[in-house]
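Structure file query-v1.txt (compact mmCIF, C-alpha atoms and all ligand atoms) follows.
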# COMPACT_ATOMS: atom_id res chain seq x y z
CA MET A 279 144.95 95.86 91.29
CA ILE A 280 142.31 94.20 93.46
CA SER A 281 141.07 90.73 92.65
CA LEU A 282 138.11 89.00 94.31
CA ARG A 283 137.53 85.33 93.52
CA GLY A 284 134.54 83.23 94.57
CA LEU A 285 134.03 85.44 97.60
CA VAL A 286 131.40 84.37 100.15
CA LYS A 287 130.63 85.96 103.52
CA GLU A 288 128.09 84.30 105.73
CA PHE A 289 127.24 85.77 109.11
CA PRO A 290 126.09 83.63 112.03
CA GLY A 291 122.40 83.06 111.59
CA GLY A 292 122.80 82.18 107.93
CA VAL A 293 122.80 85.67 106.32
CA ARG A 294 124.79 85.43 103.07
CA ALA A 295 125.94 89.04 102.79
CA ILE A 296 128.27 88.17 99.88
CA ASP A 297 127.25 85.34 97.62
CA ASP A 298 129.98 83.90 95.38
CA LEU A 299 131.30 87.14 93.97
CA ASP A 300 134.03 87.63 91.35
CA LEU A 301 135.45 91.06 90.55
CA GLU A 302 138.69 92.47 89.13
CA ILE A 303 139.55 96.11 89.78
CA ALA A 304 142.34 97.47 87.60
CA ASP A 305 145.35 99.39 88.86
CA GLY A 306 144.40 103.06 89.23
CA GLU A 307 140.74 102.41 88.51
CA PHE A 308 137.89 104.21 90.28
CA LEU A 309 135.19 101.61 90.85
CA ALA A 310 131.84 102.54 92.39
CA LEU A 311 130.05 99.78 94.25
CA LEU A 312 126.39 100.69 93.99
CA GLY A 313 123.33 99.04 95.48
CA PRO A 314 120.40 99.41 97.85
CA SER A 315 120.79 99.32 101.61
CA GLY A 316 121.53 95.83 102.92
CA CYS A 317 122.85 94.40 99.64
CA GLY A 318 126.32 93.72 101.11
CA LYS A 319 128.40 96.77 100.06
CA THR A 320 129.93 97.49 103.46
CA THR A 321 130.62 93.80 104.06
CA LEU A 322 132.43 93.57 100.72
CA LEU A 323 134.54 96.65 101.49
CA ARG A 324 135.38 95.36 104.98
CA THR A 325 136.38 92.02 103.48
CA ILE A 326 138.78 93.76 101.07
CA ALA A 327 140.18 95.76 104.01
CA GLY A 328 140.62 92.62 106.11
CA LEU A 329 138.12 93.67 108.78
CA GLU A 330 135.97 90.64 107.88
CA THR A 331 137.24 87.13 107.13
CA PRO A 332 135.53 85.60 104.11
CA THR A 333 133.69 82.28 104.56
CA ALA A 334 135.12 81.22 101.18
CA GLY A 335 137.08 82.74 98.32
CA ARG A 336 140.23 84.83 97.91
CA VAL A 337 141.18 88.50 98.10
CA GLY A 338 144.18 89.66 96.08
CA ILE A 339 145.79 93.10 96.23
CA GLY A 340 148.59 94.08 93.86
CA GLY A 341 149.01 90.52 92.64
CA ARG A 342 149.46 89.14 96.17
CA ASP A 343 146.97 86.88 97.98
CA VAL A 344 146.08 88.82 101.13
CA THR A 345 143.15 86.65 102.28
CA ALA A 346 144.99 85.65 105.45
CA LEU A 347 146.67 89.01 106.14
CA PRO A 348 145.43 91.33 108.92
CA PRO A 349 144.16 94.82 107.91
CA GLY A 350 147.40 96.56 108.95
CA ARG A 351 149.43 94.57 106.44
CA ARG A 352 147.20 95.11 103.41
CA ASP A 353 148.30 98.66 102.69
CA VAL A 354 144.81 99.98 102.01
CA ALA A 355 143.09 103.00 103.59
CA MET A 356 139.44 102.99 104.47
CA VAL A 357 137.29 106.11 104.88
CA PHE A 358 134.06 105.56 106.76
CA GLN A 359 130.72 107.29 106.47
CA ASP A 360 131.10 108.89 109.93
CA TYR A 361 134.83 109.68 109.23
CA ALA A 362 135.84 107.98 112.53
CA LEU A 363 138.13 110.85 113.56
CA PHE A 364 139.66 110.78 117.05
CA PRO A 365 137.79 113.49 118.99
CA HIS A 366 140.60 114.10 121.51
CA MET A 367 143.27 114.64 118.83
CA ASP A 368 143.76 117.77 116.77
CA VAL A 369 143.69 117.72 112.96
CA ALA A 370 147.47 117.31 112.63
CA ALA A 371 147.49 114.31 114.99
CA ASN A 372 144.48 112.76 113.28
CA ILE A 373 146.14 112.98 109.86
CA ALA A 374 149.46 111.64 111.20
CA TYR A 375 147.91 108.81 113.23
CA PRO A 376 148.29 106.00 110.66
CA LEU A 377 151.90 107.07 110.12
CA ARG A 378 152.52 106.76 113.86
CA VAL A 379 151.02 103.27 113.79
CA LYS A 380 153.39 102.46 110.93
CA ARG A 381 156.28 103.79 113.02
CA VAL A 382 157.20 106.56 110.60
CA GLY A 383 159.59 108.95 112.35
CA ARG A 384 158.28 112.15 113.95
CA ALA A 385 159.88 114.62 111.52
CA GLU A 386 158.64 112.77 108.46
CA ARG A 387 155.22 112.35 110.05
CA ARG A 388 154.96 116.10 110.57
CA ALA A 389 156.15 116.88 107.06
CA ARG A 390 153.76 114.44 105.39
CA ALA A 391 150.79 115.54 107.51
CA ALA A 392 151.52 119.18 106.68
CA ALA A 393 151.90 118.50 102.95
CA THR A 394 148.67 116.52 102.87
CA ALA A 395 146.82 119.17 104.86
CA ASP A 396 148.05 121.78 102.42
CA ARG A 397 146.80 119.79 99.45
CA LEU A 398 143.36 119.42 101.05
CA ASP A 399 143.13 123.05 102.10
CA LEU A 400 143.35 122.24 105.81
CA SER A 401 146.57 124.08 106.67
CA GLY A 402 144.86 126.71 108.80
CA LEU A 403 143.04 124.09 110.84
CA LEU A 404 145.84 121.83 112.07
CA ASP A 405 145.34 122.79 115.76
CA ARG A 406 141.60 122.26 115.81
CA ARG A 407 139.72 119.32 117.26
CA PRO A 408 137.15 117.54 115.04
CA ALA A 409 134.27 119.07 117.03
CA GLN A 410 135.48 122.54 115.95
CA LEU A 411 135.19 121.67 112.24
CA SER A 412 132.30 121.76 109.78
CA GLY A 413 131.09 118.51 108.21
CA GLY A 414 132.95 119.24 104.99
CA GLN A 415 136.19 119.97 106.87
CA GLN A 416 135.87 116.75 108.89
CA GLN A 417 135.38 114.87 105.67
CA ARG A 418 138.57 116.37 104.24
CA VAL A 419 140.50 115.44 107.40
CA ALA A 420 139.32 111.84 106.97
CA LEU A 421 140.52 111.97 103.36
CA ALA A 422 143.84 113.51 104.38
CA ARG A 423 144.38 110.76 106.94
CA ALA A 424 143.79 108.17 104.21
CA ILE A 425 146.11 109.88 101.73
CA ALA A 426 148.97 110.63 104.14
CA CYS A 427 149.91 106.98 104.50
CA ARG A 428 150.13 106.56 100.70
CA PRO A 429 148.10 103.36 100.49
CA ARG A 430 147.89 101.10 97.45
CA ALA A 431 144.11 101.46 97.45
CA PHE A 432 141.39 103.66 98.89
CA LEU A 433 138.23 102.06 100.22
CA PHE A 434 135.42 104.55 100.72
CA ASP A 435 132.19 103.64 102.49
CA GLU A 436 129.60 106.31 101.58
CA PRO A 437 132.01 109.09 102.56
CA LEU A 438 129.80 111.91 101.27
CA SER A 439 126.47 110.85 102.71
CA ASN A 440 126.72 112.98 105.86
CA LEU A 441 127.17 116.19 103.86
CA ASP A 442 124.28 118.37 102.77
CA ALA A 443 123.23 118.20 99.11
CA ARG A 444 125.22 121.19 97.85
CA LEU A 445 128.42 120.40 99.71
CA ARG A 446 128.12 116.84 98.51
CA LEU A 447 128.43 117.95 94.89
CA THR A 448 131.50 120.08 95.60
CA ALA A 449 133.10 117.30 97.64
CA ARG A 450 132.35 114.82 94.85
CA THR A 451 134.16 116.88 92.20
CA PHE A 452 137.05 117.43 94.60
CA LEU A 453 137.32 113.70 95.32
CA LYS A 454 137.32 112.82 91.64
CA ARG A 455 140.09 115.32 90.88
CA LEU A 456 142.15 114.10 93.79
CA GLN A 457 141.83 110.46 92.74
CA ARG A 458 142.86 111.39 89.18
CA GLU A 459 145.94 113.20 90.46
CA LEU A 460 146.97 110.43 92.83
CA GLY A 461 146.05 107.59 90.46
CA VAL A 462 145.30 105.29 93.40
CA THR A 463 142.95 102.33 92.89
CA THR A 464 139.68 103.25 94.55
CA VAL A 465 136.57 101.36 95.59
CA PHE A 466 133.78 103.78 96.43
CA VAL A 467 130.62 102.43 98.05
CA THR A 468 127.40 104.36 97.58
CA HIS A 469 123.66 103.82 97.39
CA ASP A 470 123.37 106.99 95.28
CA GLN A 471 123.27 106.13 91.58
CA GLY A 472 124.04 109.74 90.56
CA GLU A 473 127.19 109.73 92.66
CA ALA A 474 128.28 106.38 91.19
CA LEU A 475 127.74 107.47 87.57
CA ALA A 476 129.47 110.81 88.12
CA LEU A 477 132.57 109.50 89.87
CA ALA A 478 133.41 106.08 88.58
CA ASP A 479 135.37 104.62 85.67
CA ARG A 480 133.21 101.52 86.18
CA VAL A 481 130.11 100.88 88.24
CA ALA A 482 129.46 97.52 89.92
CA VAL A 483 125.74 97.23 90.66
CA MET A 484 125.12 94.93 93.62
CA SER A 485 121.93 93.19 94.67
CA GLY A 486 121.49 90.56 97.38
CA GLY A 487 125.21 89.88 97.77
CA ARG A 488 125.80 89.41 94.04
CA LEU A 489 126.85 91.64 91.17
CA ALA A 490 123.92 92.40 88.87
CA GLN A 491 126.13 94.20 86.34
CA VAL A 492 129.61 95.69 86.06
CA GLY A 493 130.23 98.29 83.37
CA THR A 494 131.08 101.87 82.51
CA PRO A 495 128.55 104.48 83.62
CA ALA A 496 127.35 104.69 80.00
CA GLU A 497 126.91 100.91 79.77
CA VAL A 498 124.90 100.48 82.97
CA PHE A 499 122.80 103.53 82.07
CA GLN A 500 122.18 102.77 78.38
CA ARG A 501 122.35 98.97 78.41
CA PRO A 502 121.16 97.63 81.76
CA LEU A 503 121.25 93.82 81.73
CA THR A 504 118.37 93.31 84.15
CA THR A 505 115.20 95.16 85.14
CA PHE A 506 116.78 95.62 88.59
CA VAL A 507 119.67 97.61 87.11
CA ALA A 508 117.31 99.47 84.78
CA ALA A 509 115.12 100.53 87.68
CA PHE A 510 118.00 101.39 90.02
CA ILE A 511 120.08 103.57 87.67
CA GLY A 512 118.90 106.94 86.41
CA ALA A 513 117.73 110.22 87.97
CA THR A 514 114.16 109.13 87.29
CA PRO A 515 113.17 105.45 87.22
CA MET A 516 112.95 103.81 83.81
CA ASN A 517 109.45 103.03 82.52
CA LEU A 518 109.13 99.23 82.53
CA LEU A 519 105.92 98.19 80.81
CA PRO A 520 104.42 94.75 80.18
CA GLY A 521 103.49 93.88 76.59
CA ARG A 522 103.65 91.16 73.95
CA ALA A 523 105.04 90.58 70.49
CA GLU A 524 102.68 90.63 67.52
CA GLY A 525 103.31 90.82 63.78
CA GLY A 526 106.89 92.13 64.14
CA ALA A 527 105.82 94.86 66.58
CA LEU A 528 105.32 95.07 70.34
CA LEU A 529 101.87 95.79 71.76
CA VAL A 530 102.43 97.76 74.96
CA ALA A 531 99.79 99.62 76.97
CA GLY A 532 97.68 100.49 73.92
CA ALA A 533 100.60 101.37 71.60
CA ARG A 534 102.19 99.56 68.68
CA LEU A 535 105.94 99.95 69.12
CA THR A 536 109.04 99.10 67.09
CA PRO A 537 110.85 96.27 68.90
CA PRO A 538 114.39 97.06 70.12
CA GLY A 539 117.10 94.88 68.50
CA PRO A 540 116.99 91.75 70.65
CA ALA A 541 113.16 91.60 70.50
CA ARG A 542 112.88 91.91 66.70
CA ASP A 543 112.05 88.34 65.76
CA LEU A 544 109.99 87.17 68.70
CA PRO A 545 107.12 84.76 67.90
CA ASP A 546 103.64 86.27 68.21
CA GLY A 547 102.31 86.25 71.74
CA THR A 548 105.73 86.29 73.50
CA PRO A 549 105.42 88.36 76.69
CA VAL A 550 107.94 91.22 76.99
CA THR A 551 108.93 93.99 79.36
CA TYR A 552 109.46 97.19 77.37
CA GLY A 553 111.86 99.69 78.91
CA VAL A 554 112.30 103.36 78.08
CA ARG A 555 113.77 106.13 80.21
CA PRO A 556 111.57 109.19 80.79
CA GLU A 557 114.36 111.25 79.16
CA TYR A 558 114.09 109.16 75.97
CA ALA A 559 110.38 109.58 75.29
CA ASP A 560 108.64 112.60 73.78
CA LEU A 561 105.19 113.91 74.59
CA SER A 562 102.65 114.29 71.78
CA TYR A 563 99.28 115.96 72.19
CA GLU A 564 98.06 114.35 68.93
CA PRO A 565 97.16 110.65 68.73
CA ARG A 566 100.10 108.49 67.60
CA GLU A 567 100.06 104.76 66.90
CA ASP A 568 103.61 104.53 68.28
CA GLY A 569 102.66 106.50 71.41
CA LEU A 570 101.52 105.23 74.79
CA PRO A 571 98.16 106.91 75.39
CA GLY A 572 97.26 108.59 78.66
CA ARG A 573 96.19 111.73 80.45
CA VAL A 574 98.49 114.20 82.13
CA GLY A 575 98.54 113.54 85.88
CA VAL A 576 101.18 114.94 88.20
CA VAL A 577 103.77 117.35 86.74
CA GLU A 578 107.02 117.73 88.74
CA ASN A 579 109.33 120.68 88.10
CA MET A 580 112.98 119.56 87.94
CA GLY A 581 114.38 123.01 87.12
CA THR A 582 115.38 122.81 83.46
CA ALA A 583 112.81 120.08 82.72
CA LEU A 584 109.42 118.81 83.80
CA LEU A 585 108.68 115.23 84.77
CA VAL A 586 105.19 114.48 83.46
CA THR A 587 103.35 111.39 84.70
CA LEU A 588 100.69 110.06 82.34
CA GLU A 589 97.80 108.16 83.87
CA PRO A 590 95.91 105.51 81.87
CA ALA A 591 93.54 107.20 79.39
CA GLY A 592 90.41 105.33 80.46
CA GLY A 593 91.10 105.88 84.16
CA GLY A 594 91.72 102.13 84.40
CA ASP A 595 94.55 100.44 86.24
CA GLY A 596 97.13 100.38 83.43
CA PRO A 597 100.74 101.39 84.12
CA LEU A 598 101.80 104.99 84.76
CA VAL A 599 104.22 106.32 82.16
CA GLN A 600 106.70 109.13 82.86
CA VAL A 601 108.17 111.53 80.32
CA VAL A 602 110.73 114.30 80.81
CA VAL A 603 109.85 117.37 78.74
CA PRO A 604 111.91 120.57 78.34
CA GLU A 605 110.74 123.33 80.66
CA GLU A 606 110.40 125.73 77.67
CA ASP A 607 107.67 123.52 76.14
CA GLY A 608 105.39 124.73 78.92
CA GLU A 609 103.53 122.89 81.63
CA PRO A 610 100.63 120.75 80.38
CA ALA A 611 97.34 121.01 82.30
CA PRO A 612 96.30 117.97 84.33
CA GLY A 613 93.77 115.85 82.43
CA THR A 614 95.11 116.77 78.96
CA PRO A 615 95.12 113.73 76.63
CA ALA A 616 98.71 112.94 75.63
CA TRP A 617 100.86 110.22 74.06
CA ALA A 618 104.29 109.20 75.28
CA VAL A 619 106.36 108.39 72.19
CA PRO A 620 109.51 106.36 72.97
CA ARG A 621 112.60 107.02 70.86
CA ALA A 622 112.92 103.58 69.31
CA SER A 623 116.74 103.64 69.26
CA ARG A 624 116.86 104.19 73.02
CA ALA A 625 114.27 101.63 74.09
CA LEU A 626 115.12 98.25 75.61
P1 LIG B 701 125.05 97.57 102.84
O1 LIG B 701 126.34 98.18 103.23
O2 LIG B 701 124.90 97.34 101.37
O3 LIG B 701 123.87 98.33 103.38
P2 LIG B 701 125.83 95.42 104.64
O4 LIG B 701 127.08 94.87 104.06
O5 LIG B 701 125.97 96.33 105.80
O6 LIG B 701 124.96 96.09 103.49
O7 LIG B 701 124.90 94.19 105.09
C1 LIG B 701 124.59 93.12 104.22
C2 LIG B 701 123.78 92.09 104.98
O8 LIG B 701 124.57 91.46 105.98
C3 LIG B 701 122.58 92.66 105.68
O9 LIG B 701 121.53 91.71 105.63
C4 LIG B 701 123.07 92.83 107.10
O10 LIG B 701 122.01 92.77 108.01
C5 LIG B 701 124.01 91.65 107.26
N1 LIG B 701 125.09 91.93 108.21
C6 LIG B 701 126.05 92.88 108.07
N2 LIG B 701 126.92 92.84 109.10
C7 LIG B 701 126.52 91.83 109.90
C8 LIG B 701 127.02 91.24 111.13
N3 LIG B 701 128.13 91.72 111.72
N4 LIG B 701 126.33 90.20 111.64
C9 LIG B 701 125.22 89.71 111.05
N5 LIG B 701 124.71 90.19 109.89
C10 LIG B 701 125.34 91.23 109.33
MG MG B 702 126.75 99.99 104.22
Step by step, read the file and then write its structure as structure tokens.
Amino acid sequence: MISLRGLVKEFPGGVRAIDDLDLEIADGEFLALLGPSGCGKTTLLRTIAGLETPTAGRVGIGGRDVTALPPGRRDVAMVFQDYALFPHMDVAANIAYPLRVKRVGRAERRARAAATADRLDLSGLLDRRPAQLSGGQQQRVALARAIACRPRAFLFDEPLSNLDARLRLTARTFLKRLQRELGVTTVFVTHDQGEALALADRVAVMSGGRLAQVGTPAEVFQRPLTTFVAAFIGATPMNLLPGRAEGGALLVAGARLTPPGPARDLPDGTPVTYGVRPEYADLSYEPREDGLPGRVGVVENMGTALLVTLEPAGGGDGPLVQVVVPEEDGEPAPGTPAWAVPRASRAL
């Protein structure tokens, strides 16, 4: 269990990389820490590891306050984006290195390194140097090194981001299975929302040193608490459209829409931001009062689906609206008049 209380990290020059952050990570949980570049993810991970000293607040691991303990005494393993393997050591020595630091005896070191290598499919590579390995193999060596010392928690800082897109997916599934088997508490930093949703039990969305929302992948995807989270999560950005309440409905970009739950009883004239994911709107080629009117602009092929961008009908400067349509519905011609009809139950 990892517990962060009132955590603040200020760097010289006044940058508040972590700004009064509270977070509890359960024993065995896989938590993804997600946010844009510069929001403080690495700093938070380094603070948990003990590589940074917090300006204020406490770090607890396994029910013990470790705020004042050096990294070596926290019993956590960190895997970095660039793997940080020792170039002059072979794979076996790299995997066994933390055990050597911990003064584990030679025979046990060998046995543990070999068992870990076997589990990660590295047995045939024990004599190689990192430079003689592919990116995916180097990544597995970094994982093996973390696992071999049987830490109480894994801290991953974007460990898949140096792999190419296809390998990244394989490595992701592998990592998830491994974490399930080992049951070790894991904090996984990423700026890739797809990776976070796919891997994590819970996702902590970070922005400007604070947590914007912490929830299950389904919660942050279906029920984002802020427009920042809504815009950041999802394969395609959520449509966020300005409108206002009137007569029990919402007037948004030329459509009259059913208000989602929380917006049901707003007084007339209240300004709103209406949110609907492109996946949760349908395209109609007939006029609909509950449809956002436009003309087909760019159509992007996503394989099994098409992402259609509607431009304002009058050619004015209204918002663009995006809709995902099944590929088998066919590709609409640019300029075709169309209406984006949000599924009321999925709108925010
Ligand atoms: P992320 O990992 O989310 O990209 P970082 O934790 O690396 O973000 O950085 C958060 C903020 O703290 C950034 O504004 C960054 O410039 C600043 N920062 C990080 N490390 C240092 C440092 N050692 N000294 C000064 N500022 C730093
Ligand atoms: Mg970082």
Inset, instruction - Go through A:Val467, A:Leu403, A:Ile373, A:Ala304 and flag the residue nearest ligand LIG 701 (chain B), using only C-alpha atoms and all ligand atoms for the distances. - result: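 Of all the options, A:Val467 lies closest to ligand LIG 701 (chain B).
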Inset, instruction - For Arg342 of chain A, work out the shell of residues within 12 Å, counting all atoms listed in the file and skipping chain neighbours fewer than 5 positions away, then give it as a ChimeraX atom specification. - result: /A:279-282,336-337,347,351-353
Select from chain A every residue with an atom at most 10 Å from any atom of ligand MG 702 (chain B), then for each give the shortest pair of atoms and their distance in Å to one decimal, using all atoms listed in the file, rows by chain and rising number, as JSON lines.
{"residue": "A:Gly313", "atom": "CA", "partner": "B:MG702", "partner_atom": "MG", "distance": 9.4}
{"residue": "A:Pro314", "atom": "CA", "partner": "B:MG702", "partner_atom": "MG", "distance": 9.0}
{"residue": "A:Ser315", "atom": "CA", "partner": "B:MG702", "partner_atom": "MG", "distance": 6.5}
{"residue": "A:Gly316", "atom": "CA", "partner": "B:MG702", "partner_atom": "MG", "distance": 6.8}
{"residue": "A:Cys317", "atom": "CA", "partner": "B:MG702", "partner_atom": "MG", "distance": 8.2}
{"residue": "A:Gly318", "atom": "CA", "partner": "B:MG702", "partner_atom": "MG", "distance": 7.0}
{"residue": "A:Lys319", "atom": "CA", "partner": "B:MG702", "partner_atom": "MG", "distance": 5.5}
{"residue": "A:Thr320", "atom": "CA", "partner": "B:MG702", "partner_atom": "MG", "distance": 4.1}
{"residue": "A:Thr321", "atom": "CA", "partner": "B:MG702", "partner_atom": "MG", "distance": 7.3}
{"residue": "A:Leu322", "atom": "CA", "partner": "B:MG702", "partner_atom": "MG", "distance": 9.3}
{"residue": "A:Leu323", "atom": "CA", "partner": "B:MG702", "partner_atom": "MG", "distance": 8.9}
{"residue": "A:Arg324", "atom": "CA", "partner": "B:MG702", "partner_atom": "MG", "distance": 9.8}
{"residue": "A:Phe358", "atom": "CA", "partner": "B:MG702", "partner_atom": "MG", "distance": 9.5}
{"residue": "A:Gln359", "atom": "CA", "partner": "B:MG702", "partner_atom": "MG", "distance": 8.6}
{"residue": "A:Asp435", "atom": "CA", "partner": "B:MG702", "partner_atom": "MG", "distance": 6.8}
{"residue": "A:Glu436", "atom": "CA", "partner": "B:MG702", "partner_atom": "MG", "distance": 7.4}
{"residue": "A:Val467", "atom": "CA", "partner": "B:MG702", "partner_atom": "MG", "distance": 7.7}
{"residue": "A:Thr468", "atom": "CA", "partner": "B:MG702", "partner_atom": "MG", "distance": 8.0}
{"residue": "A:His469", "atom": "CA", "partner": "B:MG702", "partner_atom": "MG", "distance": 8.4}
Inset, instruction - Neighbourhood query: residues within 6 Å of (102.7, 114.8, 84.2), file coordinates, counting all atoms listed in the file; return as JSON, numbers by chain. - result: {"A": [574, 575, 576, 577, 586, 587, 588]}
Legend entry - Within 12 Å of file point (115.6, 102.2, 70.6), counting all atoms listed in the file, expressed as a list in words: Gln500, Arg501, Leu535, Thr536, Pro537, Pro538, Gly539, Pro540, Ala541, Arg542, Tyr552, Gly553, Val554, Arg555, Tyr558, Ala559, Val619, Pro620, Arg621, Ala622, Ser623, Arg624, Ala625 and Leu626 of chain A
Selected residues, C-alpha atoms, written as a PDB file, keeping the file's coordinate frame, please.
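In the end it all went to again_36.pdb:
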ATOM      1  CA  GLN A 500     122.180 102.770  78.380  1.00  0.00           C
ATOM      2  CA  ARG A 501     122.350  98.970  78.410  1.00  0.00           C
ATOM      3  CA  LEU A 535     105.940  99.950  69.120  1.00  0.00           C
ATOM      4  CA  THR A 536     109.040  99.100  67.090  1.00  0.00           C
ATOM      5  CA  PRO A 537     110.850  96.270  68.900  1.00  0.00           C
ATOM      6  CA  PRO A 538     114.390  97.060  70.120  1.00  0.00           C
ATOM      7  CA  GLY A 539     117.100  94.880  68.500  1.00  0.00           C
ATOM      8  CA  PRO A 540     116.990  91.750  70.650  1.00  0.00           C
ATOM      9  CA  ALA A 541     113.160  91.600  70.500  1.00  0.00           C
ATOM     10  CA  ARG A 542     112.880  91.910  66.700  1.00  0.00           C
ATOM     11  CA  TYR A 552     109.460  97.190  77.370  1.00  0.00           C
ATOM     12  CA  GLY A 553     111.860  99.690  78.910  1.00  0.00           C
ATOM     13  CA  VAL A 554     112.300 103.360  78.080  1.00  0.00           C
ATOM     14  CA  ARG A 555     113.770 106.130  80.210  1.00  0.00           C
ATOM     15  CA  TYR A 558     114.090 109.160  75.970  1.00  0.00           C
ATOM     16  CA  ALA A 559     110.380 109.580  75.290  1.00  0.00           C
ATOM     17  CA  VAL A 619     106.360 108.390  72.190  1.00  0.00           C
ATOM     18  CA  PRO A 620     109.510 106.360  72.970  1.00  0.00           C
ATOM     19  CA  ARG A 621     112.600 107.020  70.860  1.00  0.00           C
ATOM     20  CA  ALA A 622     112.920 103.580  69.310  1.00  0.00           C
ATOM     21  CA  SER A 623     116.740 103.640  69.260  1.00  0.00           C
ATOM     22  CA  ARG A 624     116.860 104.190  73.020  1.00  0.00           C
ATOM     23  CA  ALA A 625     114.270 101.630  74.090  1.00  0.00           C
ATOM     24  CA  LEU A 626     115.120  98.250  75.610  1.00  0.00           C
TER      25      LEU A 626
END
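Nearest to ligand LIG 701 (chain B) of all the residues A:Val483, A:Leu411, A:Val498, A:Ala527 is A:Val483, based on all atoms listed in the file.
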Legend entry - Residue among A:Phe289, A:Phe499, A:Tyr375, A:Phe506 lying closest to ligand LIG 701 (chain B), counting only C-alpha atoms and all ligand atoms: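 Counting only C-alpha atoms and all ligand atoms, the residue closest to ligand LIG 701 (chain B) is A:Phe289.
Considering only C-alpha atoms, the residue among A:Ala389, A:Val603, A:Val530, A:Ile425 positioned nearest to Gly581 of chain A is A:Val603.
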